[in-house]
$ cat query-v4.cif   # mmCIF, C-alpha atoms
data_run
loop_
_atom_site.group_PDB
_atom_site.id
_atom_site.type_symbol
_atom_site.label_atom_id
_atom_site.label_comp_id
_atom_site.auth_asym_id
_atom_site.auth_seq_id
_atom_site.Cartn_x
_atom_site.Cartn_y
_atom_site.Cartn_z
ATOM 1 C CA ARG O 1 129.184 99.157 69.427
ATOM 2 C CA LEU O 2 128.574 99.779 73.112
ATOM 3 C CA GLY O 3 126.341 96.747 73.386
ATOM 4 C CA ARG O 4 123.296 98.924 74.014
ATOM 5 C CA LEU O 5 119.972 98.495 72.319
ATOM 6 C CA PRO O 6 118.928 101.541 70.264
ATOM 7 C CA GLU O 7 115.663 103.273 71.235
ATOM 8 C CA HIS O 8 113.716 102.091 68.195
ATOM 9 C CA GLY O 9 114.804 98.505 68.848
ATOM 10 C CA ARG O 10 113.838 98.789 72.496
ATOM 11 C CA ASP O 11 110.439 100.243 71.643
ATOM 12 C CA SER O 12 109.643 97.648 68.992
ATOM 13 C CA ARG O 13 110.586 94.790 71.333
ATOM 14 C CA ALA O 14 108.410 96.260 74.100
ATOM 15 C CA VAL O 15 105.190 96.465 72.026
ATOM 16 C CA PRO O 16 103.890 92.930 72.754
ATOM 17 C CA HIS O 17 104.852 93.187 76.426
ATOM 18 C CA ARG O 18 103.139 96.556 76.828
ATOM 19 C CA ALA O 19 100.010 95.172 75.138
ATOM 20 C CA THR O 20 99.956 92.229 77.557
ATOM 21 C CA LEU O 21 100.450 94.549 80.512
ATOM 22 C CA ALA O 22 97.617 96.831 79.364
ATOM 23 C CA ARG O 23 95.306 93.843 78.878
ATOM 24 C CA VAL O 24 96.104 92.409 82.315
ATOM 25 C CA LEU O 25 95.742 95.773 84.083
ATOM 26 C CA ALA O 26 92.458 96.689 82.343
ATOM 27 C CA LEU O 27 90.483 94.972 85.120
ATOM 28 C CA ARG O 28 92.355 96.744 87.920
ATOM 29 C CA PRO O 29 90.111 99.861 88.243
ATOM 30 C CA PHE O 30 87.038 97.630 88.552
ATOM 31 C CA LEU O 31 88.648 95.455 91.230
ATOM 32 C CA ASP O 32 89.904 98.500 93.146
ATOM 33 C CA LYS O 33 86.377 99.928 93.209
ATOM 34 C CA LEU O 34 84.709 96.610 94.036
ATOM 35 C CA TYR O 35 87.070 95.700 96.886
ATOM 36 C CA ALA O 36 87.867 99.166 98.247
ATOM 37 C CA PRO O 37 88.369 99.024 102.029
ATOM 38 C CA GLY O 38 85.655 100.675 104.081
ATOM 39 C CA GLN O 39 86.293 104.046 105.727
ATOM 40 C CA ALA O 40 86.223 102.413 109.184
ATOM 41 C CA VAL O 41 89.099 100.156 108.107
ATOM 42 C CA LEU O 42 91.194 103.032 106.810
ATOM 43 C CA ALA O 43 90.345 105.488 109.603
ATOM 44 C CA PRO O 44 89.227 103.655 112.749
ATOM 45 C CA PRO O 45 86.301 105.509 114.377
ATOM 46 C CA GLU O 46 87.357 104.791 117.966
ATOM 47 C CA ASP O 47 90.118 106.966 119.391
ATOM 48 C CA ALA O 48 91.475 104.097 121.502
ATOM 49 C CA THR O 49 92.352 101.992 118.438
ATOM 50 C CA VAL O 50 96.116 101.525 118.111
ATOM 51 C CA VAL O 51 97.125 102.487 114.579
ATOM 52 C CA CYS O 52 100.934 102.371 114.933
ATOM 53 C CA ARG O 53 101.799 99.192 116.792
ATOM 54 C CA CYS O 54 105.530 99.825 116.778
ATOM 55 C CA GLU O 55 105.227 103.133 118.637
ATOM 56 C CA GLU O 56 101.827 102.393 120.287
ATOM 57 C CA ILE O 57 100.121 105.451 118.781
ATOM 58 C CA THR O 58 96.314 105.564 118.839
ATOM 59 C CA ALA O 59 93.836 107.004 116.360
ATOM 60 C CA GLY O 60 92.947 109.641 118.958
ATOM 61 C CA GLN O 61 96.566 110.790 119.174
ATOM 62 C CA VAL O 62 96.732 111.137 115.383
ATOM 63 C CA ARG O 63 93.486 113.125 115.379
ATOM 64 C CA ALA O 64 94.894 115.354 118.135
ATOM 65 C CA ALA O 65 98.024 115.928 116.029
ATOM 66 C CA ALA O 66 95.772 116.946 113.136
ATOM 67 C CA LYS O 67 94.072 119.494 115.402
ATOM 68 C CA LEU O 68 97.509 120.837 116.325
ATOM 69 C CA GLY O 69 98.240 121.371 112.635
ATOM 70 C CA ALA O 70 99.808 118.155 111.300
ATOM 71 C CA THR O 71 99.062 118.358 107.589
ATOM 72 C CA GLY O 72 100.397 114.960 106.537
ATOM 73 C CA PRO O 73 101.961 111.717 107.754
ATOM 74 C CA ASN O 74 105.479 113.157 107.736
ATOM 75 C CA GLN O 75 104.510 115.999 110.044
ATOM 76 C CA ALA O 76 102.573 113.561 112.261
ATOM 77 C CA LYS O 77 105.770 111.525 112.380
ATOM 78 C CA ALA O 78 107.555 114.543 113.854
ATOM 79 C CA TYR O 79 104.787 115.031 116.443
ATOM 80 C CA LEU O 80 104.148 111.398 117.403
ATOM 81 C CA ARG O 81 106.867 109.116 115.969
ATOM 82 C CA THR O 82 104.321 107.275 113.788
ATOM 83 C CA GLY O 83 106.219 105.358 111.152
ATOM 84 C CA MET O 84 109.515 105.448 113.063
ATOM 85 C CA GLY O 85 109.350 101.942 114.524
ATOM 86 C CA PRO O 86 110.817 98.742 113.084
ATOM 87 C CA CYS O 87 108.242 98.584 110.253
ATOM 88 C CA GLN O 88 109.150 102.137 109.117
ATOM 89 C CA GLY O 89 105.483 102.980 108.499
ATOM 90 C CA ARG O 90 104.716 100.034 106.252
ATOM 91 C CA MET O 91 101.925 98.968 108.624
ATOM 92 C CA CYS O 92 100.545 102.333 109.784
ATOM 93 C CA GLY O 93 101.329 104.824 107.007
ATOM 94 C CA THR O 94 98.057 104.458 105.115
ATOM 95 C CA THR O 95 95.963 104.582 108.289
ATOM 96 C CA VAL O 96 97.742 107.695 109.563
ATOM 97 C CA ALA O 97 97.224 109.388 106.184
ATOM 98 C CA ALA O 98 93.536 108.399 106.206
ATOM 99 C CA LEU O 99 93.028 109.770 109.734
ATOM 100 C CA LEU O 100 94.698 113.068 108.852
ATOM 101 C CA ALA O 101 92.730 113.326 105.601
ATOM 102 C CA GLU O 102 89.483 112.660 107.473
ATOM 103 C CA ALA O 103 90.299 115.320 110.074
ATOM 104 C CA GLN O 104 91.086 117.880 107.356
ATOM 105 C CA GLY O 105 88.252 116.887 105.013
ATOM 106 C CA ILE O 106 90.577 116.132 102.101
ATOM 107 C CA PRO O 107 91.229 112.994 99.997
ATOM 108 C CA ILE O 108 93.883 110.589 101.275
ATOM 109 C CA SER O 109 95.976 111.251 98.162
ATOM 110 C CA GLU O 110 96.227 114.932 99.171
ATOM 111 C CA ALA O 111 97.314 114.056 102.705
ATOM 112 C CA GLY O 112 100.366 112.344 101.215
ATOM 113 C CA ALA O 113 102.445 109.376 102.260
ATOM 114 C CA LEU O 114 105.392 108.776 104.523
ATOM 115 C CA ARG O 115 108.733 109.483 102.879
ATOM 116 C CA PRO O 116 110.839 106.331 102.853
ATOM 117 C CA ARG O 117 114.028 106.476 104.862
ATOM 118 C CA ALA O 118 117.024 104.209 104.615
ATOM 119 C CA PRO O 119 117.365 101.416 105.514
ATOM 120 C CA PHE O 120 114.362 100.427 103.442
ATOM 121 C CA LYS O 121 114.371 97.041 105.133
ATOM 122 C CA PRO O 122 115.180 96.982 108.849
ATOM 123 C CA ILE O 123 118.553 95.390 109.515
ATOM 124 C CA THR O 124 120.461 94.691 112.702
ATOM 125 C CA VAL O 125 123.675 96.369 113.751
ATOM 126 C CA GLY O 126 125.351 92.969 113.437
ATOM 127 C CA GLU O 127 124.345 92.783 109.771
ATOM 128 C CA LEU O 128 125.779 96.252 109.236
ATOM 129 C CA ALA O 129 129.038 95.219 110.926
ATOM 130 C CA ASP O 130 129.317 92.147 108.692
ATOM 131 C CA LEU O 131 129.175 94.209 105.482
ATOM 132 C CA PRO O 132 132.367 94.177 103.403
ATOM 133 C CA GLY O 133 134.560 97.186 104.101
ATOM 134 C CA GLY O 134 132.900 97.729 107.519
#
$ encode --input "query-v4.cif" --output "structure tokens"
Amino acid sequence: RLGRLPEHGRDSRAVPHRATLARVLALRPFLDKLYAPGQAVLAPPEDATVVCRCEEITAGQVRAAAKLGATGPNQAKAYLRTGMGPCQGRMCGTTVAALLAEAQGIPISEAGALRPRAPFKPITVGELADLPGG
């Protein structure tokens, strides 16, 4: 009566789509392993390498932040401003996490990721002013 699909109807309609998705994604682990980026790509070995282009932060500065106690990308952001430029960490977030993980001897997944902050897509002040009700 509300125009909503009951759970059993939803689930039965999803079966063929879930099967297709599972079949298509079955190759993904193999491809991820085969084409995994090298450690030097994720964590540049040279300290002079710029890892955050927006804020001009180098790999050496991130390593120094790790020595000061930065445990993850969000804490490094507080120390260095990595991920606070126009790209909001979309370009440097993985590299910063890899550098911190390398410095701490932990997997990148344990180092964490940058928390997204609004706006999720950079917009200009003019665009904000043009919004309805602004």
$ atom_distance --input "query-v4.cif" --atom1 "atom CA of Pro122 of chain O" --atom2 "atom CA of Thr95 of chain O"
20.7 Å
$ closest_atom_pairs --input "query-v4.cif" --of "segment 2-111 of chain O" --to "segment 123-131 of chain O" --cutoff "12 Å" --atoms "all atoms listed in the file" --output "JSON lines"
{"residue": "O:Pro86", "atom": "CA", "partner": "O:Ile123", "partner_atom": "CA", "distance": 9.2}
{"residue": "O:Cys87", "atom": "CA", "partner": "O:Ile123", "partner_atom": "CA", "distance": 10.8}
{"residue": "O:Gln88", "atom": "CA", "partner": "O:Ile123", "partner_atom": "CA", "distance": 11.6}
$ residues_around --input "query-v4.cif" --residues "segment 90-92 of chain O" --least-positions-apart "5" --cutoff "8 Å" --atoms "only C-alpha atoms" --output "list of chain:residue names"
O:Val51, O:Cys52, O:Arg53, O:Thr82, O:Gly83
$ write_last_selection --input "query-v4.cif" --atoms "C-alpha atoms" --output "mmCIF file, in the frame of the given file"
data_model
loop_
_atom_site.group_PDB
_atom_site.id
_atom_site.type_symbol
_atom_site.label_atom_id
_atom_site.label_comp_id
_atom_site.auth_asym_id
_atom_site.auth_seq_id
_atom_site.Cartn_x
_atom_site.Cartn_y
_atom_site.Cartn_z
ATOM 1 C CA VAL O 51 97.125 102.487 114.579
ATOM 2 C CA CYS O 52 100.934 102.371 114.933
ATOM 3 C CA ARG O 53 101.799 99.192 116.792
ATOM 4 C CA THR O 82 104.321 107.275 113.788
ATOM 5 C CA GLY O 83 106.219 105.358 111.152
#
$ closest_atom_pairs --input "query-v4.cif" --of "segment 84-114 of chain O" --to "segment 63-70 of chain O" --cutoff "12 Å" --atoms "all atoms listed in the file" --output "CSV"
residue,atom,partner,partner_atom,distance
O:Thr95,CA,O:Arg63,CA,11.4
O:Val96,CA,O:Arg63,CA,9.0
O:Ala97,CA,O:Ala66,CA,10.4
O:Ala98,CA,O:Arg63,CA,10.3
O:Leu99,CA,O:Arg63,CA,6.6
O:Leu100,CA,O:Ala66,CA,5.9
O:Ala101,CA,O:Ala66,CA,8.9
O:Glu102,CA,O:Arg63,CA,8.9
O:Ala103,CA,O:Ala66,CA,6.5
O:Gln104,CA,O:Ala66,CA,7.5
O:Gly105,CA,O:Ala66,CA,11.1
O:Ala111,CA,O:Ala70,CA,9.8
O:Gly112,CA,O:Ala70,CA,11.7
$ closest_residue --input "query-v4.cif" --among "O:Asp47, O:Arg117, O:Tyr35, O:Ala22" --to "Gly85 of chain O" --atoms "only C-alpha atoms"
O:Arg117
$ atom_distance --input "query-v4.cif" --atom1 "atom CA of Tyr79 of chain O" --atom2 "atom CA of Glu55 of chain O"
12.1 Å
$ atom_distance --input "query-v4.cif" --atom1 "atom CA of Ile57 of chain O" --atom2 "atom CA of Leu80 of chain O"
7.3 Å
$ closest_residue --input "query-v4.cif" --among "O:Pro73, O:Gly89, O:Gln61, O:Arg81" --to "Ala113 of chain O" --atoms "only C-alpha atoms"
O:Pro73
$ closest_residue --input "query-v4.cif" --among "O:Ala43, O:Ala48, O:Ala14, O:Ala118" --to "Thr94 of chain O" --atoms "only C-alpha atoms"
O:Ala43
$ closest_residue --input "query-v4.cif" --among "O:Gly93, O:Gly72, O:Pro16, O:Pro6" --to "Leu42 of chain O" --atoms "all atoms listed in the file"
O:Gly93
